[in-house]
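Colleague: Before we start, here is the structure in question, set down as structure tokens.
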Amino acid sequence: MRGKRSKQYRKLMEQYGMHFGFREPYQVIVDAEVVKDCKKFKMDMVSLLKKTLHGEVKPLLTQCSIRHLYASKSEPGMDQTIEKAKEIERRFCGHHPQDHPDPLSTRDCIHSVVDGKDTGRNKHRYIVATQDHELRRELREIPGVPLIYINRGVMIMEPMASSSASEKARGERGKFKAELKTTGKRKRQEDEEEETKEGEEAKDGGEAKEAVGKAGGEEQPKKKKKKNYGKAKGPNPLSVKKKKKKPGPPGQKPKKAEPAVAA
């Protein structure tokens, strides 16, 4: 597997894990044709599934798929293919031979396993490896179904379908809105707690000062009088000129002070 494609698959599985809850070991439903192609191209199915999905896997084969292999027993090399298929864990599909003499088609069987109640959900988080084009088309309509197929001996994982991408986007928007709501609520709570704390500290500080003043017999400091900036002030006496004495009529001498008479 090329490095670029491997990196894409790893990121794709991370998205499936983050948004749809996929966890290791990944449950992979394989159909009869995938088992045949792995034998035809001499592919180690389990090893390639691990490399493609970047994790531990648990391959599953439905009862109908194993019956399809037995129905093809006349084909060359099918005995070895069937023996290899017996090593794969069986997935109960509920299509008993007593009720269904002929096995259901790959499309009907696997679709019923993935979404048996037609809820449009991949409840058990199955990954589907199938060569059936019609089945892959139907499963693309169900959000969160990774799809794998084999093309000329190469195991390919499809890009995320539009239904899965839309579901992923809705989930991201929902998480973003929830985070905004939670952040706003937490911020309001922190502000309220801070205001309450400041009020309590101010109250405790005032009571402590009052108690100290009473204990020491000190009077509370008087409030400073506010300056009346609107009231007009008188002139500065140092800046006022002294009044000059008026001179008398011309020719008149100033009177001398008379000597005091002794008693």
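Chain labels A, B, ... are given in the sequence in which chains occur in the structure tokens; within each chain residues are numbered consecutively from 1, and ligands are likewise numbered from 1 in the order shown.
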List the neighbours of Ala161 in chain A out to 10 Å using only C-alpha atoms; skip same-chain residues closer than 6 positions along the sequence, and give me the result as a list of chain:residue names.

Modeller: A:Arg137, A:Leu139, A:Arg140, A:Glu141, A:Ile142, A:Pro143, A:Gly144, A:Val145, A:Pro146, A:Leu147

Colleague: For the residues selected in the previous step, produce a file with C-alpha atoms as a short mmCIF file (atom, residue, chain, number, x, y, z; two decimals), in the first residue's frame.

Modeller:
data_model
loop_
_atom_site.label_atom_id
_atom_site.label_comp_id
_atom_site.auth_asym_id
_atom_site.auth_seq_id
_atom_site.Cartn_x
_atom_site.Cartn_y
_atom_site.Cartn_z
CA ARG A 137 -24.64 1.91 -3.27
CA LEU A 139 -24.99 1.21 2.26
CA ARG A 140 -23.68 4.65 1.24
CA GLU A 141 -27.11 5.99 2.18
CA ILE A 142 -26.62 4.83 5.78
CA PRO A 143 -24.39 7.23 7.77
CA GLY A 144 -21.26 5.73 9.25
CA VAL A 145 -20.67 2.58 7.15
CA PRO A 146 -17.05 2.24 5.94
CA LEU A 147 -16.93 0.29 2.67
#

Colleague: Which residues are near Pro103 in chain A? Cut-off 9 Å, only C-alpha atoms, ignore same chain within fewer than 6 positions. Put them as a VMD selection string.

Modeller: chain A and resid 63 to 65 67 to 68 95 to 97 109

Colleague: Go through A:Val128, A:Leu53, A:Ile66, A:Cys38 one by one, measure the shortest atom-to-atom distance of each to Gln15 in chain A using only C-alpha atoms, and give the residue with the smallest value.

Modeller: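 Closest to Gln15 in chain A of all the choices is A:Leu53.
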
Colleague: Can you measure CA of Lys175 in chain A to CA of Gly116 in chain A for me? One decimal in Å is fine.

Modeller: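 So the two atoms, CA of Lys175 in chain A and CA of Gly116 in chain A, lie 29.3 Å apart.
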
Colleague: What lies within 9 Å of range 17-19 of chain A using only C-alpha atoms, ignoring chain neighbours under 2 positions off, as a list of chain:residue names?

Modeller: A:Leu12, A:Met13, A:Glu14, A:Gln15, A:Gly21, A:Phe22, A:Arg23, A:Gly144, A:Glu167, A:Lys168, A:Gly171, A:Glu172

Colleague: How would you write, as a list in words, the set of residues in range 7-154 of chain A that DSSP gives as strand (DSSP E or B)?

Modeller: Tyr26, Gln27, Val28, Ile29, Val30, Val57, Lys58, Pro59, Leu60, Leu61, Thr62, Glu89, Arg90, Arg91, Tyr126, Ile127, Val128, Ala129, Leu147, Ile148, Tyr149, Ile150, Asn151 and Val154 of chain A

Colleague: When you draw a straight line from CA of Ser105 in chain A to CA of Thr130 in chain A, how long is it in Å?

Modeller: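 Computing it gives 12.1 Å between the two atoms.
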
Colleague: Have a look at A:Leu48, A:Arg186, A:Lys39, A:Asp102 and name the one nearest to Gly77 in chain A; count only C-alpha atoms.

Modeller: A:Lys39

Colleague: Just how far from CA of His54 in chain A is CA of Thr106 in chain A, in Å to one decimal?

Modeller: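 Interatomic distance, CA of Thr106 in chain A to CA of His54 in chain A: 26.2 Å.
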
Colleague: Can you tell me, as a PyMOL selection string, which residues in range 41-130 of chain A count as alpha helix (DSSP H) by DSSP?

Modeller: chain A and resi 45-53+63-71+78-85+106-114

Colleague: Here is a test: counting only C-alpha atoms, which residue of A:Ile127, A:Glu158, A:Lys50, A:Asp44 is nearest to Gln8 in chain A?

Modeller: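 When distances to Gln8 in chain A are compared using only C-alpha atoms, the smallest one comes from A:Glu158.
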
Colleague: I want to know what sits within 10 Å of range 153-155 of chain A, based on only C-alpha atoms, with residues of the same chain fewer than 4 positions away left out; could you give that as an MDAnalysis selection string?

Modeller: chainID A and resid 1 34 37:38 40:43 45 48:49 51:52 129 148:149
